[in-house]
file run.txt (compact mmCIF, C-alpha atoms)
# COMPACT_ATOMS: atom_id res chain seq x y z
CA GLY F 14 -12.85 6.31 28.89
CA ALA F 15 -15.14 4.34 26.65
CA GLY F 16 -12.93 4.63 23.60
CA VAL F 17 -9.58 5.82 22.32
CA SER F 18 -9.34 9.58 22.64
CA GLN F 19 -6.99 11.75 20.62
CA SER F 20 -6.23 15.43 20.95
CA PRO F 21 -6.18 17.84 19.35
CA ARG F 22 -8.56 16.83 16.58
CA TYR F 23 -7.04 19.38 14.24
CA LYS F 24 -3.66 21.03 14.28
CA VAL F 25 -2.31 23.64 11.92
CA ALA F 26 1.42 24.20 12.15
CA LYS F 27 3.83 26.45 10.37
CA ARG F 28 6.70 24.68 8.70
CA GLY F 29 9.52 24.27 11.20
CA GLN F 30 7.24 24.25 14.23
CA ASP F 31 7.24 21.37 16.73
CA VAL F 32 3.95 19.60 17.46
CA ALA F 33 2.76 17.09 20.04
CA LEU F 34 -0.18 14.76 19.50
CA ARG F 35 -1.81 12.98 22.40
CA CYS F 36 -3.48 9.59 22.63
CA ASP F 37 -5.52 8.26 25.54
CA PRO F 38 -6.03 4.52 24.96
CA ILE F 39 -8.83 2.42 26.34
CA SER F 40 -8.20 1.80 30.02
CA GLY F 41 -6.33 -1.44 30.61
CA HIS F 42 -5.17 -1.86 27.03
CA VAL F 43 -1.60 -3.06 26.93
CA SER F 44 -0.78 -2.41 23.28
CA LEU F 45 -0.77 1.00 21.62
CA PHE F 46 -0.10 1.80 17.97
CA TRP F 47 0.42 4.97 15.96
CA TYR F 48 -0.42 5.11 12.26
CA GLN F 49 -0.08 7.86 9.68
CA GLN F 50 -2.75 8.24 7.00
CA ALA F 51 -1.99 10.48 4.05
CA LEU F 52 -4.87 11.83 1.98
CA GLY F 53 -6.45 9.08 -0.12
CA GLN F 54 -4.23 6.38 1.34
CA GLY F 55 -4.61 3.66 3.92
CA PRO F 56 -3.02 4.10 7.34
CA GLU F 57 0.64 3.20 7.60
CA PHE F 58 2.28 1.89 10.74
CA LEU F 59 4.57 4.22 12.65
CA THR F 60 5.32 2.69 16.03
CA TYR F 61 4.12 0.21 18.65
CA PHE F 62 4.18 0.11 22.45
CA GLN F 63 3.56 -2.74 24.81
CA ASN F 64 2.94 -1.03 28.13
CA GLU F 65 5.72 1.58 28.38
CA ALA F 66 8.15 -0.28 26.12
CA GLN F 67 8.46 0.88 22.53
CA LEU F 68 8.97 -2.47 20.81
CA ASP F 69 8.83 -1.36 17.21
CA LYS F 70 9.56 2.05 15.75
CA SER F 71 10.44 0.87 12.28
CA GLY F 72 7.72 2.96 10.65
CA LEU F 73 8.84 6.34 11.94
CA PRO F 74 9.82 8.22 8.77
CA SER F 75 12.68 10.23 10.22
CA ASP F 76 14.44 11.14 13.43
CA ARG F 77 12.14 14.15 13.65
CA PHE F 78 9.43 11.79 14.84
CA PHE F 79 9.47 10.66 18.45
CA ALA F 80 6.88 8.77 20.50
CA GLU F 81 6.66 7.96 24.16
CA ARG F 82 4.37 6.24 26.63
CA PRO F 83 6.16 6.77 29.94
CA GLU F 84 3.60 5.25 32.30
CA GLY F 85 2.16 2.66 29.97
CA SER F 86 -1.05 4.56 29.40
CA VAL F 87 -1.18 7.94 27.61
CA SER F 88 1.10 8.27 24.61
CA THR F 89 2.47 11.33 22.85
CA LEU F 90 3.72 11.51 19.29
CA LYS F 91 6.05 14.43 18.78
CA ILE F 92 7.14 15.80 15.44
CA GLN F 93 10.00 18.25 15.41
CA ARG F 94 10.64 20.86 12.72
CA THR F 95 7.47 19.92 10.85
CA GLN F 96 7.54 19.82 7.06
CA GLN F 97 4.74 19.90 4.52
CA GLU F 98 5.03 16.18 3.83
CA ASP F 99 4.12 15.55 7.48
CA SER F 100 0.56 16.70 6.71
CA ALA F 101 -1.68 13.71 7.37
CA VAL F 102 -4.12 12.21 9.81
CA TYR F 103 -2.37 10.56 12.73
CA LEU F 104 -4.33 7.65 14.16
CA CYS F 105 -3.83 5.97 17.48
CA ALA F 106 -5.11 2.49 18.24
CA SER F 107 -5.06 0.30 21.30
CA SER F 108 -5.69 -3.38 21.92
CA LEU F 109 -6.06 -5.45 25.01
CA ALA F 110 -2.96 -7.52 24.29
CA ALA F 111 -0.81 -8.94 21.54
CA GLY F 112 -1.21 -12.69 21.52
CA SER F 113 -3.05 -15.63 20.15
CA SER F 114 -6.58 -14.67 21.18
CA SER F 115 -8.38 -13.02 18.31
CA ALA F 116 -10.51 -10.91 20.64
CA LYS F 117 -7.45 -9.47 22.34
CA ASN F 118 -5.90 -8.61 18.99
CA ILE F 119 -8.66 -6.27 17.84
CA GLN F 120 -7.32 -2.75 17.54
CA TYR F 121 -9.67 0.08 18.50
CA PHE F 122 -8.95 3.33 16.76
CA GLY F 123 -9.33 6.92 17.83
CA ALA F 124 -10.78 9.61 15.55
CA GLY F 125 -7.30 10.84 14.72
CA THR F 126 -5.52 14.17 14.64
CA ARG F 127 -5.48 15.95 11.30
CA LEU F 128 -2.19 17.79 10.97
CA SER F 129 -1.78 20.46 8.33
CA VAL F 130 1.65 21.97 7.87
CA LEU F 131 1.67 25.27 5.99
CA LYS I 11 7.23 -6.69 2.25
CA GLN I 12 3.48 -7.23 2.52
CA GLU I 13 1.41 -5.24 0.03
CA VAL I 14 -2.36 -4.95 0.21
CA THR I 15 -4.44 -3.85 -2.76
CA GLN I 16 -8.12 -2.98 -2.87
CA ILE I 17 -10.28 -2.91 -5.97
CA PRO I 18 -12.20 -0.88 -6.93
CA ALA I 19 -10.90 2.38 -5.51
CA ALA I 20 -14.37 3.87 -5.66
CA LEU I 21 -17.85 2.48 -6.20
CA SER I 22 -21.28 4.04 -6.53
CA VAL I 23 -24.39 1.86 -6.37
CA PRO I 24 -28.12 2.47 -6.01
CA GLU I 25 -29.76 1.61 -2.74
CA GLY I 26 -30.74 -2.04 -2.40
CA GLU I 27 -27.97 -3.50 -4.52
CA ASN I 28 -25.72 -6.27 -3.32
CA LEU I 29 -22.02 -5.50 -3.78
CA VAL I 30 -18.59 -7.02 -3.38
CA LEU I 31 -15.38 -5.29 -2.36
CA ASN I 32 -12.08 -6.97 -3.10
CA CYS I 33 -8.83 -7.12 -1.16
CA SER I 34 -5.64 -8.92 -2.19
CA PHE I 35 -2.37 -9.37 -0.35
CA THR I 36 1.02 -10.55 -1.54
CA ASP I 37 2.26 -12.53 1.47
CA SER I 38 -0.07 -15.35 2.49
CA ALA I 39 1.64 -15.77 5.88
CA ILE I 40 -0.94 -13.77 7.78
CA TYR I 41 -2.42 -14.17 11.25
CA ASN I 42 -5.73 -12.54 10.53
CA LEU I 43 -7.47 -10.10 8.22
CA GLN I 44 -9.81 -7.31 9.22
CA TRP I 45 -12.28 -5.18 7.39
CA PHE I 46 -12.74 -1.64 8.68
CA ARG I 47 -15.12 1.17 7.91
CA GLN I 48 -13.94 4.79 7.95
CA ASP I 49 -16.34 7.71 7.90
CA PRO I 50 -15.06 11.19 6.97
CA GLY I 51 -13.32 12.86 9.88
CA LYS I 52 -13.67 9.79 12.05
CA GLY I 53 -11.55 6.87 13.09
CA LEU I 54 -11.74 3.30 11.92
CA THR I 55 -14.47 0.93 13.03
CA SER I 56 -13.72 -2.77 12.89
CA LEU I 57 -16.43 -4.62 10.97
CA LEU I 58 -15.19 -8.19 10.73
CA LEU I 59 -12.06 -10.09 11.71
CA ILE I 60 -11.18 -13.40 10.08
CA GLN I 61 -8.51 -15.62 11.56
CA SER I 62 -6.16 -17.30 9.09
CA SER I 63 -7.76 -20.67 9.85
CA GLN I 64 -11.25 -19.42 9.00
CA ARG I 65 -12.93 -19.12 5.62
CA GLU I 66 -15.57 -16.51 6.40
CA GLN I 67 -17.25 -14.34 8.99
CA THR I 68 -20.72 -12.84 8.98
CA SER I 69 -22.25 -9.91 10.78
CA GLY I 70 -25.72 -8.80 9.78
CA ARG I 71 -25.70 -7.79 6.13
CA LEU I 72 -21.92 -8.17 5.92
CA ASN I 73 -20.05 -11.30 4.95
CA ALA I 74 -16.29 -11.48 4.61
CA SER I 75 -14.45 -14.40 3.06
CA LEU I 76 -10.79 -15.29 3.13
CA ASP I 77 -8.78 -17.42 0.73
CA LYS I 78 -5.34 -17.30 2.29
CA SER I 79 -3.61 -19.45 -0.30
CA SER I 80 -4.58 -17.14 -3.12
CA GLY I 81 -4.12 -13.98 -1.05
CA ARG I 82 -7.66 -12.73 -1.42
CA SER I 83 -10.54 -11.55 0.69
CA THR I 84 -13.94 -10.20 -0.26
CA LEU I 85 -16.45 -8.16 1.67
CA TYR I 86 -20.03 -8.77 0.57
CA ILE I 87 -22.64 -6.18 1.52
CA ALA I 88 -26.24 -7.25 1.02
CA ALA I 89 -29.11 -4.87 0.33
CA SER I 90 -26.96 -1.74 0.51
CA GLN I 91 -28.28 1.37 2.25
CA PRO I 92 -27.25 5.05 2.06
CA GLY I 93 -25.86 4.67 5.58
CA ASP I 94 -23.32 2.20 4.22
CA SER I 95 -21.59 5.05 2.39
CA ALA I 96 -18.04 5.22 3.72
CA THR I 97 -14.51 4.10 2.91
CA TYR I 98 -13.86 0.41 3.51
CA LEU I 99 -10.35 -0.69 4.37
CA CYS I 100 -8.93 -4.17 4.67
CA ALA I 101 -5.87 -4.85 6.79
CA VAL I 102 -3.71 -7.89 7.45
CA MET I 103 -1.82 -8.79 10.59
CA PRO I 104 1.35 -10.87 10.46
CA TRP I 105 1.88 -13.90 12.67
CA ALA I 106 1.44 -13.27 16.38
CA GLY I 107 4.78 -12.77 18.03
CA THR I 108 5.72 -9.82 15.89
CA ALA I 109 4.67 -6.25 16.63
CA SER I 110 1.16 -7.16 15.47
CA LYS I 111 1.07 -4.12 13.24
CA LEU I 112 -1.58 -3.91 10.57
CA THR I 113 -0.83 -3.42 6.89
CA PHE I 114 -3.70 -1.62 5.22
CA GLY I 115 -4.95 -1.37 1.69
CA THR I 116 -5.74 2.02 0.19
CA GLY I 117 -9.46 1.51 0.62
CA THR I 118 -12.64 1.45 -1.45
CA ARG I 119 -14.79 4.56 -1.26
CA LEU I 120 -18.42 3.45 -1.42
CA GLN I 121 -21.38 5.68 -2.16
CA VAL I 122 -24.90 4.29 -1.96
CA THR I 123 -27.40 6.54 -3.67
CA LEU I 124 -31.13 6.83 -3.14

call {"tool": "encode", "arguments": {"input": "run.txt", "output": "structure tokens"}}
result
Amino acid sequence: GAGVSQSPRYKVAKRGQDVALRCDPISGHVSLFWYQQALGQGPEFLTYFQNEAQLDKSGLPSDRFFAERPEGSVSTLKIQRTQQEDSAVYLCASSLAAGSSSAKNIQYFGAGTRLSVL
Amino acid sequence: KQEVTQIPAALSVPEGENLVLNCSFTDSAIYNLQWFRQDPGKGLTSLLLIQSSQREQTSGRLNASLDKSSGRSTLYIAASQPGDSATYLCAVMPWAGTASKLTFGTGTRLQVTL
């Protein structure tokens, strides 16, 4: 597609429910990032993929959070046993590559998934 | 740990005014700095990217400067318009070779009034 696509746009979950958030990056983009943006805050890094390899998951807040990108394209962020503090906008971004070229480093963001946990 | 601060948190100006948004970061070892715009319910749009070796970048009415040694960047918006109303975020990227993750500030919410 022309841009990064995320689905669903909105998700309401009951506390304890599992959720799965999908990200379709720009075709051909090697790098994919997930960020979490709480209300009134800037996005915070969750995890990073280069192709299918998850190279950095240091930002995942707990073992209830799991991300995958099995074929190096679409990625899914899964949250198990959701809690109220998981309520946030989850942003996905992709870039052509990670390297020295400034143009390849630009991250293109999707519109995000707004998760509300009741 | 890198920390990014943006001042002010919110700003309201009348149409036509020139304005400056400020961004500061604690670790000067950065690869580049980006300014983003975020509209309600939408993703982030990259406005300007400044490499660590550059001093400024310009795009239309926007000019971003970078003083890496002092850990500061400014975004200058000339002749503001109501359509400029949005949240502006700055973000820094560490040296290439890491996970290239961005560290964001908390943003400046700008409102341009008629």

call {"tool": "interface_residues", "arguments": {"input": "run.txt", "of": "chain I", "to": "chain F", "cutoff": "10 Å", "atoms": "all atoms listed in the file", "output": "PDB file with C-alpha atoms, in the coordinates of the input"}}
result
ATOM      1  CA  VAL I  14      -2.360  -4.950   0.210  1.00  0.00           C
ATOM      2  CA  ALA I  19     -10.900   2.380  -5.510  1.00  0.00           C
ATOM      3  CA  TYR I  41      -2.420 -14.170  11.250  1.00  0.00           C
ATOM      4  CA  ASN I  42      -5.730 -12.540  10.530  1.00  0.00           C
ATOM      5  CA  GLN I  44      -9.810  -7.310   9.220  1.00  0.00           C
ATOM      6  CA  GLN I  48     -13.940   4.790   7.950  1.00  0.00           C
ATOM      7  CA  ASP I  49     -16.340   7.710   7.900  1.00  0.00           C
ATOM      8  CA  PRO I  50     -15.060  11.190   6.970  1.00  0.00           C
ATOM      9  CA  GLY I  51     -13.320  12.860   9.880  1.00  0.00           C
ATOM     10  CA  LYS I  52     -13.670   9.790  12.050  1.00  0.00           C
ATOM     11  CA  GLY I  53     -11.550   6.870  13.090  1.00  0.00           C
ATOM     12  CA  LEU I  54     -11.740   3.300  11.920  1.00  0.00           C
ATOM     13  CA  THR I  55     -14.470   0.930  13.030  1.00  0.00           C
ATOM     14  CA  SER I  56     -13.720  -2.770  12.890  1.00  0.00           C
ATOM     15  CA  LEU I  58     -15.190  -8.190  10.730  1.00  0.00           C
ATOM     16  CA  LEU I  59     -12.060 -10.090  11.710  1.00  0.00           C
ATOM     17  CA  ILE I  60     -11.180 -13.400  10.080  1.00  0.00           C
ATOM     18  CA  GLN I  61      -8.510 -15.620  11.560  1.00  0.00           C
ATOM     19  CA  THR I  97     -14.510   4.100   2.910  1.00  0.00           C
ATOM     20  CA  TYR I  98     -13.860   0.410   3.510  1.00  0.00           C
ATOM     21  CA  LEU I  99     -10.350  -0.690   4.370  1.00  0.00           C
ATOM     22  CA  CYS I 100      -8.930  -4.170   4.670  1.00  0.00           C
ATOM     23  CA  ALA I 101      -5.870  -4.850   6.790  1.00  0.00           C
ATOM     24  CA  MET I 103      -1.820  -8.790  10.590  1.00  0.00           C
ATOM     25  CA  TRP I 105       1.880 -13.900  12.670  1.00  0.00           C
ATOM     26  CA  ALA I 106       1.440 -13.270  16.380  1.00  0.00           C
ATOM     27  CA  GLY I 107       4.780 -12.770  18.030  1.00  0.00           C
ATOM     28  CA  THR I 108       5.720  -9.820  15.890  1.00  0.00           C
ATOM     29  CA  ALA I 109       4.670  -6.250  16.630  1.00  0.00           C
ATOM     30  CA  SER I 110       1.160  -7.160  15.470  1.00  0.00           C
ATOM     31  CA  LYS I 111       1.070  -4.120  13.240  1.00  0.00           C
ATOM     32  CA  LEU I 112      -1.580  -3.910  10.570  1.00  0.00           C
ATOM     33  CA  THR I 113      -0.830  -3.420   6.890  1.00  0.00           C
ATOM     34  CA  PHE I 114      -3.700  -1.620   5.220  1.00  0.00           C
ATOM     35  CA  GLY I 115      -4.950  -1.370   1.690  1.00  0.00           C
ATOM     36  CA  THR I 116      -5.740   2.020   0.190  1.00  0.00           C
ATOM     37  CA  GLY I 117      -9.460   1.510   0.620  1.00  0.00           C
ATOM     38  CA  THR I 118     -12.640   1.450  -1.450  1.00  0.00           C
ATOM     39  CA  ARG I 119     -14.790   4.560  -1.260  1.00  0.00           C
TER      40      ARG I 119
END

call {"tool": "atom_distance", "arguments": {"input": "run.txt", "atom1": "atom CA of F:Ser86", "atom2": "atom CA of I:Phe46"}}
result
24.6 Å

call {"tool": "atom_distance", "arguments": {"input": "run.txt", "atom1": "atom CA of F:Thr89", "atom2": "atom CA of F:Val43"}}
result
15.5 Å

call {"tool": "closest_residue", "arguments": {"input": "run.txt", "among": "I:Glu66, I:Ser34, I:Val122, I:Leu29", "to": "I:Ala96", "atoms": "all atoms listed in the file"}}
result
I:Val122

call {"tool": "closest_residue", "arguments": {"input": "run.txt", "among": "F:Asn64, F:Gln49, F:Gln19, F:Ser75", "to": "F:Thr95", "atoms": "only C-alpha atoms"}}
result
F:Ser75

call {"tool": "residues_around", "arguments": {"input": "run.txt", "residues": "I:Val30", "least_positions_apart": "3", "cutoff": "12 Å", "atoms": "all atoms listed in the file", "output": "list of chain:residue names"}}
result
I:Gln16, I:Ile17, I:Pro18, I:Ala20, I:Leu21, I:Ser22, I:Val23, I:Glu27, I:Cys33, I:Arg71, I:Leu72, I:Asn73, I:Ala74, I:Ser75, I:Ser83, I:Thr84, I:Leu85, I:Tyr86, I:Ile87, I:Ala88, I:Ala89, I:Ser90, I:Tyr98, I:Thr118, I:Leu120

call {"tool": "atom_distance", "arguments": {"input": "run.txt", "atom1": "atom CA of F:Ser129", "atom2": "atom CA of F:Ser18"}}
result
19.5 Å

call {"tool": "closest_residue", "arguments": {"input": "run.txt", "among": "F:Gln97, F:Ser40, F:Gln30, F:Ser20", "to": "F:Gly85", "atoms": "all atoms listed in the file"}}
result
F:Ser40

call {"tool": "axis_aligned_box", "arguments": {"input": "run.txt", "around": "stretch 89-96 of chain F", "padding_each_side": "8 Å", "output": "AutoDock Vina command-line options"}}
result
--center_x 6.6 --center_y 16.1 --center_z 15.0 --size_x 24.2 --size_y 25.5 --size_z 31.8

call {"tool": "closest_residue", "arguments": {"input": "run.txt", "among": "I:Leu124, I:Asn32, I:Ser80, I:Thr15", "to": "I:Gly93", "atoms": "all atoms listed in the file"}}
result
I:Leu124

call {"tool": "closest_residue", "arguments": {"input": "run.txt", "among": "I:Gly26, I:Gly70, I:Pro92, I:Pro104", "to": "I:Lys11", "atoms": "all atoms listed in the file"}}
result
I:Pro104
